[in-house]
>>> print(open('structure.cif').read())   # mmCIF, C-alpha atoms and all ligand atoms
data_input
loop_
_atom_site.label_atom_id
_atom_site.label_comp_id
_atom_site.auth_asym_id
_atom_site.auth_seq_id
_atom_site.Cartn_x
_atom_site.Cartn_y
_atom_site.Cartn_z
CA MET A 1 16.88 101.57 130.31
CA ASP A 2 13.64 100.60 132.00
CA LYS A 3 12.28 97.96 129.67
CA PHE A 4 9.55 96.78 132.10
CA ILE A 5 6.76 99.22 131.29
CA GLY A 6 3.68 97.56 132.80
CA TYR A 7 1.07 94.82 132.63
CA ARG A 8 -1.79 93.97 130.29
CA CYS A 9 -4.77 91.86 131.36
CA SER A 10 -5.17 88.75 129.23
CA LEU A 11 -8.97 88.97 129.55
CA CYS A 12 -9.98 92.66 129.29
CA ASN A 13 -6.75 94.18 127.90
CA ALA A 14 -6.66 96.79 130.70
CA GLU A 15 -3.14 98.16 131.13
CA TYR A 16 -1.41 98.89 134.40
CA LEU A 17 1.87 100.52 135.39
CA PRO A 18 4.46 98.36 137.15
CA GLY A 19 3.64 99.85 140.57
CA GLN A 20 -0.14 99.70 140.17
CA VAL A 21 -0.85 96.00 140.63
CA THR A 22 0.95 92.95 142.00
CA TYR A 23 -0.88 89.81 140.92
CA THR A 24 -4.03 89.58 138.77
CA CYS A 25 -6.34 92.12 137.09
CA PRO A 26 -8.34 93.99 139.76
CA LYS A 27 -11.33 94.15 137.38
CA ASP A 28 -11.80 90.52 136.42
CA GLY A 29 -9.05 88.47 138.04
CA GLY A 30 -7.44 87.80 134.63
CA ASN A 31 -3.81 86.83 134.38
CA LEU A 32 -1.53 89.77 133.62
CA ASP A 33 1.04 89.70 130.84
CA VAL A 34 4.21 91.61 131.59
CA VAL A 35 4.65 94.32 128.94
CA LEU A 36 8.19 95.07 127.82
CA ASP A 37 9.30 98.04 125.78
CA THR A 38 10.04 95.89 122.75
CA ASN A 39 10.69 98.88 120.47
CA ALA A 40 13.50 100.03 122.73
CA LEU A 41 14.80 96.47 123.07
CA ARG A 42 14.76 96.03 119.31
CA GLN A 43 16.92 99.12 118.88
CA LYS A 44 19.28 98.33 121.68
CA TYR A 45 20.01 94.62 121.15
CA GLN A 46 20.86 92.19 118.38
CA PRO A 47 20.57 88.40 118.70
CA GLU A 48 24.36 88.25 118.84
CA ASP A 49 24.35 90.32 122.03
CA ILE A 50 22.62 87.38 123.70
CA ALA A 51 24.28 84.54 121.80
CA SER A 52 27.74 85.85 122.63
CA ARG A 53 27.10 85.89 126.39
CA ARG A 54 29.05 83.33 128.34
CA ASP A 55 26.48 82.93 131.12
CA GLU A 56 25.21 79.34 130.80
CA SER A 57 21.96 79.86 132.67
CA LEU A 58 18.65 81.62 132.11
CA TRP A 59 20.31 84.83 133.35
CA ARG A 60 21.91 85.22 129.92
CA TYR A 61 18.46 86.59 128.94
CA LEU A 62 18.45 89.31 131.59
CA PRO A 63 18.06 92.03 128.90
CA LEU A 64 14.65 90.49 128.06
CA LEU A 65 13.52 89.92 131.66
CA PRO A 66 11.54 92.40 133.82
CA VAL A 67 13.80 91.97 136.85
CA ALA A 68 17.20 93.16 137.99
CA ASP A 69 20.11 90.79 138.45
CA PRO A 70 19.47 89.02 141.80
CA GLY A 71 23.17 88.52 142.51
CA GLY A 72 24.13 85.37 144.36
CA GLU A 73 27.14 84.54 142.19
CA ALA A 74 27.88 80.83 141.74
CA THR A 75 24.82 79.70 143.72
CA PRO A 76 22.12 77.29 142.47
CA LEU A 77 20.06 80.37 141.64
CA ARG A 78 22.62 81.20 138.96
CA ALA A 79 22.41 77.67 137.55
CA ALA A 80 18.72 77.61 136.61
CA GLY A 81 17.98 77.05 132.94
CA TRP A 82 20.33 76.34 130.01
CA THR A 83 19.20 72.73 129.97
CA PRO A 84 20.48 70.29 127.36
CA VAL A 85 18.70 69.25 124.16
CA TYR A 86 19.24 65.62 123.21
CA ALA A 87 18.68 63.94 119.85
CA LEU A 88 16.51 60.81 120.08
CA PRO A 89 17.47 58.87 116.92
CA ARG A 90 16.21 55.43 117.98
CA LEU A 91 12.88 56.68 119.29
CA ALA A 92 12.54 58.79 116.14
CA GLU A 93 13.05 55.74 113.97
CA LYS A 94 10.54 53.76 115.97
CA LEU A 95 7.95 56.50 115.47
CA GLY A 96 8.83 56.99 111.80
CA LEU A 97 10.11 60.52 112.40
CA ARG A 98 13.12 62.20 110.83
CA HIS A 99 13.98 64.91 113.37
CA LEU A 100 13.27 64.40 117.06
CA TRP A 101 14.83 66.06 120.10
CA LEU A 102 14.13 66.31 123.81
CA LYS A 103 14.88 69.28 126.05
CA ASP A 104 15.65 67.92 129.49
CA GLU A 105 14.36 70.22 132.21
CA SER A 106 15.14 67.63 134.88
CA ARG A 107 18.66 69.05 134.67
CA ASN A 108 17.63 72.19 136.54
CA PRO A 109 19.01 72.67 140.10
CA THR A 110 15.90 71.27 141.82
CA ALA A 111 15.18 68.88 138.92
CA SER A 112 12.15 70.44 137.25
CA PHE A 113 11.10 73.19 134.85
CA LYS A 114 9.75 75.16 137.83
CA ASP A 115 13.21 76.50 138.68
CA ARG A 116 12.86 78.97 135.80
CA ALA A 117 9.78 80.59 137.34
CA SER A 118 11.05 80.45 140.90
CA ALA A 119 14.43 81.96 140.00
CA VAL A 120 12.78 84.98 138.40
CA VAL A 121 10.20 85.35 141.19
CA VAL A 122 12.99 85.26 143.79
CA ALA A 123 14.76 88.00 141.82
CA ARG A 124 11.55 90.02 141.86
CA ALA A 125 11.09 89.40 145.60
CA ARG A 126 14.59 90.70 146.24
CA GLN A 127 13.90 93.77 144.12
CA ILE A 128 10.71 94.67 146.00
CA LYS A 129 12.40 93.77 149.30
CA ALA A 130 9.88 91.08 150.21
CA GLU A 131 10.83 89.36 153.43
CA VAL A 132 8.99 86.09 152.84
CA VAL A 133 7.94 84.34 149.63
CA VAL A 134 5.12 81.81 149.64
CA THR A 135 3.63 79.38 147.16
CA ALA A 136 1.08 76.63 146.81
CA SER A 137 2.43 73.69 144.91
CA THR A 138 1.79 70.09 143.91
CA GLY A 139 5.48 69.73 144.80
CA ASN A 140 7.80 70.98 142.08
CA ALA A 141 6.96 74.69 142.23
CA GLY A 142 7.48 74.53 145.98
CA ALA A 143 10.74 72.63 145.71
CA ALA A 144 11.94 75.14 143.15
CA LEU A 145 10.95 78.13 145.26
CA ALA A 146 12.44 76.59 148.40
CA GLY A 147 15.68 75.78 146.58
CA MET A 148 16.08 79.09 144.76
CA ALA A 149 15.19 81.03 147.93
CA ALA A 150 17.62 78.98 150.04
CA ALA A 151 20.36 79.77 147.52
CA ILE A 152 20.27 83.44 148.50
CA GLY A 153 19.01 83.16 152.08
CA GLN A 154 15.43 84.22 151.35
CA LYS A 155 12.66 82.88 153.62
CA ALA A 156 10.07 80.63 151.92
CA VAL A 157 6.73 79.14 153.01
CA ILE A 158 5.23 76.26 151.00
CA PHE A 159 1.67 74.91 151.01
CA ALA A 160 1.40 71.47 149.39
CA PRO A 161 -1.34 68.85 149.41
CA LYS A 162 -0.52 66.14 151.93
CA THR A 163 -0.63 63.65 149.03
CA ALA A 164 2.46 65.20 147.35
CA PRO A 165 5.07 62.52 146.49
CA PRO A 166 7.52 62.03 149.39
CA ALA A 167 10.61 62.96 147.34
CA LYS A 168 9.16 66.39 146.65
CA VAL A 169 8.22 66.92 150.29
CA ALA A 170 11.74 65.84 151.27
CA GLN A 171 13.15 68.50 148.95
CA LEU A 172 11.00 71.21 150.55
CA LEU A 173 12.13 70.24 154.02
CA VAL A 174 15.81 69.84 153.17
CA TYR A 175 15.88 73.28 151.53
CA GLY A 176 14.73 74.61 154.89
CA ALA A 177 11.35 76.06 153.88
CA GLN A 178 8.45 76.32 156.29
CA VAL A 179 6.30 73.48 154.93
CA LEU A 180 2.56 73.18 155.53
CA LEU A 181 0.91 70.02 154.20
CA VAL A 182 -2.76 70.73 153.54
CA ASP A 183 -5.36 68.05 154.14
CA GLY A 184 -7.03 68.76 150.80
CA THR A 185 -6.28 69.17 147.11
CA TYR A 186 -3.76 71.42 145.36
CA ASP A 187 -6.66 73.77 144.71
CA ASP A 188 -7.36 73.98 148.46
CA ALA A 189 -3.67 74.71 149.09
CA PHE A 190 -3.78 77.38 146.38
CA ASP A 191 -6.67 79.29 147.96
CA LEU A 192 -5.23 78.97 151.45
CA SER A 193 -1.81 80.27 150.40
CA ILE A 194 -3.36 83.41 148.94
CA GLN A 195 -5.33 84.03 152.12
CA ALA A 196 -2.15 83.58 154.16
CA ALA A 197 -0.13 85.84 151.84
CA ASN A 198 -2.71 88.61 152.28
CA GLU A 199 -2.92 88.10 156.02
CA PHE A 200 0.85 88.12 156.68
CA GLY A 201 2.10 90.34 153.86
CA TRP A 202 4.07 87.57 152.13
CA TYR A 203 4.99 87.78 148.45
CA CYS A 204 3.04 85.05 146.64
CA ARG A 205 4.57 83.06 143.77
CA ASN A 206 1.44 81.06 142.91
CA THR A 207 1.26 79.74 139.37
CA GLY A 208 -1.30 81.52 137.21
CA TYR A 209 -1.44 84.33 139.77
CA ASN A 210 2.00 85.95 139.96
CA PRO A 211 2.80 87.48 136.53
CA PHE A 212 6.53 86.82 136.92
CA THR A 213 6.31 83.03 136.75
CA ALA A 214 5.53 83.13 133.02
CA GLU A 215 8.44 85.55 132.57
CA GLY A 216 10.75 82.95 134.05
CA LYS A 217 9.23 80.14 132.04
CA LYS A 218 9.59 82.08 128.79
CA THR A 219 13.36 81.62 129.06
CA ALA A 220 12.84 78.05 127.81
CA ALA A 221 11.55 79.58 124.57
CA PHE A 222 14.68 81.73 124.35
CA GLU A 223 16.87 78.67 124.79
CA ILE A 224 14.90 76.77 122.16
CA TRP A 225 15.34 79.75 119.82
CA GLU A 226 19.11 79.85 120.36
CA TRP A 227 19.43 76.08 119.95
CA TRP A 228 17.26 76.07 116.85
CA ARG A 229 19.28 78.88 115.25
CA GLY A 230 22.38 76.76 115.64
CA GLU A 231 20.62 73.61 114.48
CA SER A 232 19.20 75.17 111.31
CA ARG A 233 22.47 76.94 110.52
CA GLU A 234 24.39 73.68 110.71
CA SER A 235 21.88 71.93 108.49
CA ARG A 236 22.26 74.64 105.89
CA VAL A 237 26.02 74.20 105.86
CA GLU A 238 25.63 70.50 105.32
CA ASN A 239 23.01 71.16 102.70
CA SER A 240 20.87 68.47 104.32
CA PRO A 241 17.17 67.91 103.75
CA ALA A 242 16.72 69.80 106.99
CA ASN A 243 16.74 72.85 104.74
CA LEU A 244 13.15 71.99 104.05
CA TYR A 245 12.27 72.17 107.72
CA SER A 246 8.73 73.13 108.39
CA PRO A 247 8.27 75.06 111.64
CA LEU A 248 9.41 73.37 114.82
CA SER A 249 6.66 71.57 116.77
CA ILE A 250 7.07 71.77 120.54
CA LEU A 251 5.22 69.34 122.80
CA VAL A 252 4.80 70.17 126.47
CA SER A 253 2.66 68.80 129.27
CA VAL A 254 0.02 71.08 130.75
CA GLY A 255 -1.54 71.34 134.22
CA ASP A 256 -2.27 74.92 135.28
CA GLY A 257 -1.19 76.06 131.83
CA ASN A 258 1.58 78.39 132.93
CA ILE A 259 4.52 76.61 131.29
CA ILE A 260 2.84 76.55 127.90
CA SER A 261 1.77 80.20 128.33
CA GLY A 262 5.29 81.17 129.35
CA ILE A 263 6.80 79.44 126.32
CA HIS A 264 4.26 81.20 124.11
CA LYS A 265 5.14 84.55 125.73
CA GLY A 266 8.83 83.95 125.06
CA PHE A 267 8.25 83.41 121.37
CA LYS A 268 5.90 86.42 121.23
CA ASP A 269 8.69 88.55 122.75
CA LEU A 270 11.12 87.22 120.13
CA LEU A 271 8.65 88.05 117.39
CA ALA A 272 8.15 91.56 118.81
CA VAL A 273 11.87 92.32 118.86
CA GLY A 274 12.15 90.92 115.34
CA TRP A 275 14.43 88.00 116.14
CA ILE A 276 12.11 85.37 114.68
CA GLU A 277 9.81 85.57 111.71
CA LYS A 278 7.38 82.82 112.51
CA MET A 279 6.14 81.05 115.59
CA PRO A 280 6.80 77.39 116.26
CA ARG A 281 3.73 75.16 116.69
CA ILE A 282 3.01 74.69 120.37
CA ILE A 283 1.20 71.46 121.27
CA GLY A 284 -0.14 70.96 124.79
CA VAL A 285 -0.49 67.51 126.34
CA GLN A 286 -2.85 66.82 129.22
CA ALA A 287 -3.76 63.70 131.15
CA GLU A 288 -7.20 62.37 130.18
CA GLY A 289 -8.21 62.62 133.83
CA SER A 290 -7.08 66.25 134.12
CA ALA A 291 -7.99 67.81 130.81
CA ALA A 292 -9.87 71.03 131.57
CA ILE A 293 -7.74 73.06 129.15
CA ALA A 294 -7.78 70.45 126.39
CA ASN A 295 -11.57 70.29 126.77
CA ALA A 296 -11.88 74.05 126.23
CA PHE A 297 -9.53 73.90 123.25
CA GLN A 298 -11.49 71.07 121.63
CA ALA A 299 -14.78 72.90 122.28
CA GLY A 300 -13.38 75.97 120.54
CA THR A 301 -13.82 78.24 123.56
CA GLU A 302 -11.70 79.95 126.17
CA THR A 303 -14.11 79.07 128.94
CA ILE A 304 -12.42 76.69 131.34
CA ILE A 305 -14.82 74.35 133.13
CA PRO A 306 -13.31 72.85 136.29
CA ILE A 307 -13.14 69.07 136.56
CA SER A 308 -12.37 66.64 139.33
CA ALA A 309 -8.81 65.72 138.37
CA LYS A 310 -7.59 62.14 138.56
CA THR A 311 -4.22 61.09 137.15
CA LEU A 312 -1.02 59.57 138.48
CA ALA A 313 0.85 62.51 136.95
CA ASP A 314 0.57 64.64 140.10
CA SER A 315 2.31 67.68 138.61
CA ILE A 316 -0.44 68.10 136.01
CA SER A 317 -3.36 67.05 138.20
CA VAL A 318 -5.45 70.22 138.47
CA ASP A 319 -9.19 70.75 138.99
CA LEU A 320 -9.25 74.40 137.98
CA PRO A 321 -6.29 75.45 135.81
CA ARG A 322 -5.16 78.92 136.85
CA ASP A 323 -3.72 79.92 133.49
CA GLY A 324 -6.20 78.18 131.22
CA VAL A 325 -7.14 81.02 128.89
CA ARG A 326 -3.59 81.85 127.88
CA ALA A 327 -2.85 78.11 127.63
CA VAL A 328 -5.67 77.63 125.12
CA ARG A 329 -4.32 80.56 123.10
CA ALA A 330 -0.76 79.23 123.10
CA ALA A 331 -1.91 76.31 120.96
CA ARG A 332 -4.59 78.14 118.99
CA GLU A 333 -2.44 81.10 117.97
CA THR A 334 0.50 78.98 116.85
CA GLY A 335 -1.27 76.35 114.78
CA GLY A 336 -0.80 73.85 117.58
CA THR A 337 -3.36 71.71 119.34
CA TYR A 338 -4.11 69.75 122.51
CA ILE A 339 -3.70 66.02 122.97
CA THR A 340 -4.84 63.93 125.92
CA VAL A 341 -3.13 60.78 127.14
CA SER A 342 -4.10 58.04 129.59
CA ASP A 343 -2.08 57.08 132.65
CA GLN A 344 -1.19 53.85 130.79
CA ASP A 345 0.20 55.95 127.91
CA ILE A 346 2.24 57.96 130.42
CA LEU A 347 3.69 54.86 132.08
CA ALA A 348 4.62 53.47 128.66
CA ALA A 349 6.31 56.78 127.84
CA ILE A 350 8.37 56.63 131.06
CA ALA A 351 9.68 53.23 129.97
CA GLU A 352 10.37 54.38 126.39
CA LEU A 353 12.28 57.50 127.46
CA GLY A 354 14.19 55.43 129.98
CA LYS A 355 15.53 53.30 127.16
CA ALA A 356 16.96 56.48 125.63
CA GLY A 357 18.70 57.34 128.91
CA ILE A 358 16.12 59.82 130.14
CA PHE A 359 14.36 59.41 133.48
CA ALA A 360 11.15 61.45 133.56
CA GLU A 361 8.47 61.84 136.19
CA PRO A 362 4.94 61.07 134.93
CA ALA A 363 4.15 64.70 134.00
CA GLY A 364 7.49 64.93 132.23
CA ALA A 365 6.89 61.78 130.19
CA ALA A 366 3.36 62.92 129.29
CA SER A 367 4.74 65.10 126.48
CA TYR A 368 6.34 62.05 124.86
CA ALA A 369 3.13 60.06 125.33
CA GLY A 370 1.42 62.95 123.54
CA LEU A 371 3.90 62.69 120.69
CA VAL A 372 3.14 58.99 120.22
CA LYS A 373 -0.53 59.92 119.84
CA ALA A 374 0.23 62.94 117.67
CA VAL A 375 2.09 60.68 115.24
CA ALA A 376 -0.74 58.13 115.20
CA GLN A 377 -3.29 60.88 114.52
CA ALA A 378 -1.07 62.57 111.91
CA VAL A 379 -1.04 65.78 113.97
CA VAL A 380 2.66 65.91 113.14
CA GLY A 381 4.23 64.76 109.89
CA SER A 382 7.17 62.39 109.52
CA THR A 383 9.56 65.12 108.34
CA ASP A 384 8.47 67.76 110.86
CA PRO A 385 11.18 68.77 113.31
CA ILE A 386 9.89 67.98 116.79
CA LEU A 387 11.03 68.94 120.27
CA VAL A 388 9.47 67.31 123.32
CA ILE A 389 10.10 68.78 126.74
CA ASN A 390 10.74 66.60 129.78
CA THR A 391 9.59 68.89 132.55
CA GLY A 392 10.72 66.90 135.61
CA SER A 393 13.00 64.15 136.91
CA GLY A 394 11.90 60.57 137.47
CA LEU A 395 13.56 60.66 140.88
CA LYS A 396 10.72 62.94 141.99
CA ASP A 397 8.24 60.08 141.99
CA VAL A 398 9.86 56.68 142.24
CA ARG A 399 6.61 54.92 143.06
CA ALA A 400 5.13 55.91 139.71
CA ALA A 401 8.36 54.89 137.96
CA MET A 402 8.15 51.41 139.44
CA GLN A 403 4.69 51.00 137.90
CA ALA A 404 6.24 51.58 134.48
CA VAL A 405 8.65 48.66 134.66
CA LYS A 406 8.81 44.99 135.65
CA GLU A 407 10.18 44.27 139.08
CA ALA A 408 13.73 42.93 139.29
CA PRO A 409 14.00 39.26 140.34
CA ILE A 410 15.60 38.51 143.69
CA ILE A 411 18.03 35.63 143.32
CA GLU A 412 20.24 33.35 145.38
CA PRO A 413 23.90 34.48 145.28
CA THR A 414 24.86 31.65 142.87
CA LEU A 415 25.81 31.51 139.20
CA GLU A 416 23.14 28.86 138.81
CA ALA A 417 20.50 31.38 139.82
CA VAL A 418 21.93 33.98 137.40
CA LYS A 419 21.69 31.48 134.56
CA LYS A 420 18.07 30.84 135.39
CA ALA A 421 17.22 34.51 135.62
CA ILE A 422 18.76 35.86 132.42
C1 LIG B 501 4.18 72.16 136.88
C2 LIG B 501 4.56 71.05 135.98
C3 LIG B 501 3.94 70.85 134.74
C4 LIG B 501 2.81 71.68 134.23
O1 LIG B 501 3.01 73.06 134.25
P1 LIG B 501 1.74 74.02 134.31
O2 LIG B 501 2.29 75.38 134.30
O3 LIG B 501 1.02 73.69 135.59
O4 LIG B 501 0.91 73.71 133.13
C5 LIG B 501 4.38 69.80 133.97
N1 LIG B 501 5.37 68.99 134.38
C6 LIG B 501 5.97 69.15 135.56
C7 LIG B 501 7.03 68.19 135.96
C8 LIG B 501 5.59 70.18 136.40
O5 LIG B 501 6.19 70.30 137.60
ZN ZN B 502 -8.91 92.38 133.25
#
>>> encode(input="structure.cif", output="structure tokens")
Amino acid sequence: MDKFIGYRCSLCNAEYLPGQVTYTCPKDGGNLDVVLDTNALRQKYQPEDIASRRDESLWRYLPLLPVADPGGEATPLRAAGWTPVYALPRLAEKLGLRHLWLKDESRNPTASFKDRASAVVVARARQIKAEVVVTASTGNAGAALAGMAAAIGQKAVIFAPKTAPPAKVAQLLVYGAQVLLVDGTYDDAFDLSIQAANEFGWYCRNTGYNPFTAEGKKTAAFEIWEWWRGESRESRVENSPANLYSPLSILVSVGDGNIISGIHKGFKDLLAVGWIEKMPRIIGVQAEGSAAIANAFQAGTETIIPISAKTLADSISVDLPRDGVRAVRAARETGGTYITVSDQDILAAIAELGKAGIFAEPAGAASYAGLVKAVAQAVVGSTDPILVINTGSGLKDVRAAMQAVKEAPIIEPTLEAVKKAI
């Protein structure tokens, strides 16, 4: 069955066949949504067909993805997705919440959410027989593409700003990608990578440009759906107050806006095949110094006005978000909202999550910082079930992590000194 039937422009609604376009809408440059034949999918599959699969990776959702199986058995490419959800009882209590969980995307093969997009783009590249894949990246998208490509011997070229945190650059180099550090911003790297892709015929993964990244990212929504089915079923058995669950609220940090759009797309697909009845609330969190999408949301428009981004959360530091329109809609169409947080809030969130055993990079902790504010502003209620997403590992940016904590004392190797220090 060919379930991938085309694309629809998110701005002008123009429709295209799969072979007609590759990246954005030729008319207005709008981001393209992948259109699946959801009627056929609805007839062919039941939720149990997915839930009974033994594949513990995002590839368990292959029936709902617009790509063929990329092969590469037992490689890191096969291990993307299927990240754990943790309960956070002590943090919940501190915030006065009843039901709080965290989905830990740092557990992906290259330690960020971006593996989902890169895995599916690499599958697409293989299908269209692309020789080289390229991306611009603040670090994580590149690391993910380099890692997923290396897993199946695909060539990758990465453009990153020269200011990218060293751990991320190290990942790119160790995975054997051709790395070009641009003396400019992420936005400069973005434009340059597209020029290079056109010049050399490379397949471009860029976020908010290649329609397949959101298809990869939507698999997080599928996992949340499967987890939530189990969670609500168990609560029913126990006859707990969780029976009264209002819809799940999902908090996620936002830079270009592609993760939040991808999660929204995943739930829209589930709605279209009839596997859910209502959408969860999707709440986007941006850094105060990089809030172009939040600004548009608060102004009640879809017009994204570029800013000059400044935040220590490098993964969400973006002047011109490339998927802003769909990102605004993800919150607006699900009863969600946007919240902005300061760098101080983010550093505090790193320390708080750390005490629960979770090590997040600044952009990953931003979602929790957003939750703290959402509680204070009564955006979420005390009995609402809430899932925050940690999008990346703290090991990606150790310098930022050290700003979130007090330095360890250096002591003489004597018991006397220990007594003084503790
Ligand atoms: C890319 C990234 C984000 C933001 O995703 P967008 O699609 O740019 O909104 C958030 N956190 C981490 C760790 C990321 O790498
Ligand atoms: Zn268009």
>>> residues_around(input="structure.cif", residues="A:Gly255", least_positions_apart="6", cutoff="9 Å", atoms="all atoms listed in the file", output="list in words")
Val285, Gln286, Ala287, Ser290, Ala291, Ala292, Ile293, Ser315, Ile316, Ser317, Val318, Pro321, Arg322, Asp323, Gly324 and Ala363 of chain A
>>> residues_near_ligand(input="structure.cif", ligand="ligand LIG 501 (chain B)", cutoff="6 Å", atoms="only C-alpha atoms and all ligand atoms", output="NGL selection string")
:A and (112 or 140 or 253-259 or 315-316 or 363-364 or 391-392)
>>> residues_near_ligand(input="structure.cif", ligand="ligand ZN 502 (chain B)", cutoff="9 Å", atoms="all atoms listed in the file", output="number ranges by chain")
A: 8-15, 24-32
>>> write_last_selection(input="structure.cif", atoms="C-alpha atoms", output="PDB file, keeping the file's coordinate frame")
ATOM      1  CA  ARG A   8      -1.790  93.970 130.290  1.00  0.00           C
ATOM      2  CA  CYS A   9      -4.770  91.860 131.360  1.00  0.00           C
ATOM      3  CA  SER A  10      -5.170  88.750 129.230  1.00  0.00           C
ATOM      4  CA  LEU A  11      -8.970  88.970 129.550  1.00  0.00           C
ATOM      5  CA  CYS A  12      -9.980  92.660 129.290  1.00  0.00           C
ATOM      6  CA  ASN A  13      -6.750  94.180 127.900  1.00  0.00           C
ATOM      7  CA  ALA A  14      -6.660  96.790 130.700  1.00  0.00           C
ATOM      8  CA  GLU A  15      -3.140  98.160 131.130  1.00  0.00           C
ATOM      9  CA  THR A  24      -4.030  89.580 138.770  1.00  0.00           C
ATOM     10  CA  CYS A  25      -6.340  92.120 137.090  1.00  0.00           C
ATOM     11  CA  PRO A  26      -8.340  93.990 139.760  1.00  0.00           C
ATOM     12  CA  LYS A  27     -11.330  94.150 137.380  1.00  0.00           C
ATOM     13  CA  ASP A  28     -11.800  90.520 136.420  1.00  0.00           C
ATOM     14  CA  GLY A  29      -9.050  88.470 138.040  1.00  0.00           C
ATOM     15  CA  GLY A  30      -7.440  87.800 134.630  1.00  0.00           C
ATOM     16  CA  ASN A  31      -3.810  86.830 134.380  1.00  0.00           C
ATOM     17  CA  LEU A  32      -1.530  89.770 133.620  1.00  0.00           C
TER      18      LEU A  32
END
>>> residues_around(input="structure.cif", residues="A:Ile224", least_positions_apart="6", cutoff="9 Å", atoms="only C-alpha atoms", output="list in words")
Val85, Lys103 and Leu387 of chain A
>>> closest_residue(input="structure.cif", among="A:Thr340, A:Gln171, A:Thr38, A:Ser118", to="A:Asp2", atoms="only C-alpha atoms")
A:Thr38
>>> build_atoms(input="structure.cif", residues="stretch 141-146 of chain A", atoms="all heavy atoms", output="compact mmCIF listing (two decimals), in the coordinates of the input")
# COMPACT_ATOMS: atom_id res chain seq x y z
N ALA A 141 6.86 73.23 142.11
CA ALA A 141 6.96 74.69 142.23
C ALA A 141 7.48 75.04 143.61
O ALA A 141 8.31 75.95 143.78
CB ALA A 141 5.61 75.34 141.98
N GLY A 142 7.02 74.30 144.62
CA GLY A 142 7.48 74.53 145.98
C GLY A 142 8.94 74.19 146.14
O GLY A 142 9.72 74.97 146.72
N ALA A 143 9.33 73.03 145.62
CA ALA A 143 10.74 72.63 145.71
C ALA A 143 11.62 73.66 145.04
O ALA A 143 12.69 74.03 145.55
CB ALA A 143 10.94 71.26 145.08
N ALA A 144 11.16 74.15 143.89
CA ALA A 144 11.94 75.14 143.15
C ALA A 144 12.04 76.45 143.93
O ALA A 144 13.11 77.04 144.03
CB ALA A 144 11.31 75.38 141.78
N LEU A 145 10.91 76.88 144.50
CA LEU A 145 10.95 78.13 145.26
C LEU A 145 11.82 77.97 146.49
O LEU A 145 12.65 78.84 146.81
CB LEU A 145 9.54 78.58 145.67
CG LEU A 145 9.51 79.96 146.34
CD1 LEU A 145 9.95 81.05 145.37
CD2 LEU A 145 8.12 80.28 146.89
N ALA A 146 11.65 76.84 147.19
CA ALA A 146 12.44 76.59 148.40
C ALA A 146 13.93 76.56 148.05
O ALA A 146 14.75 77.16 148.76
CB ALA A 146 12.01 75.27 149.04
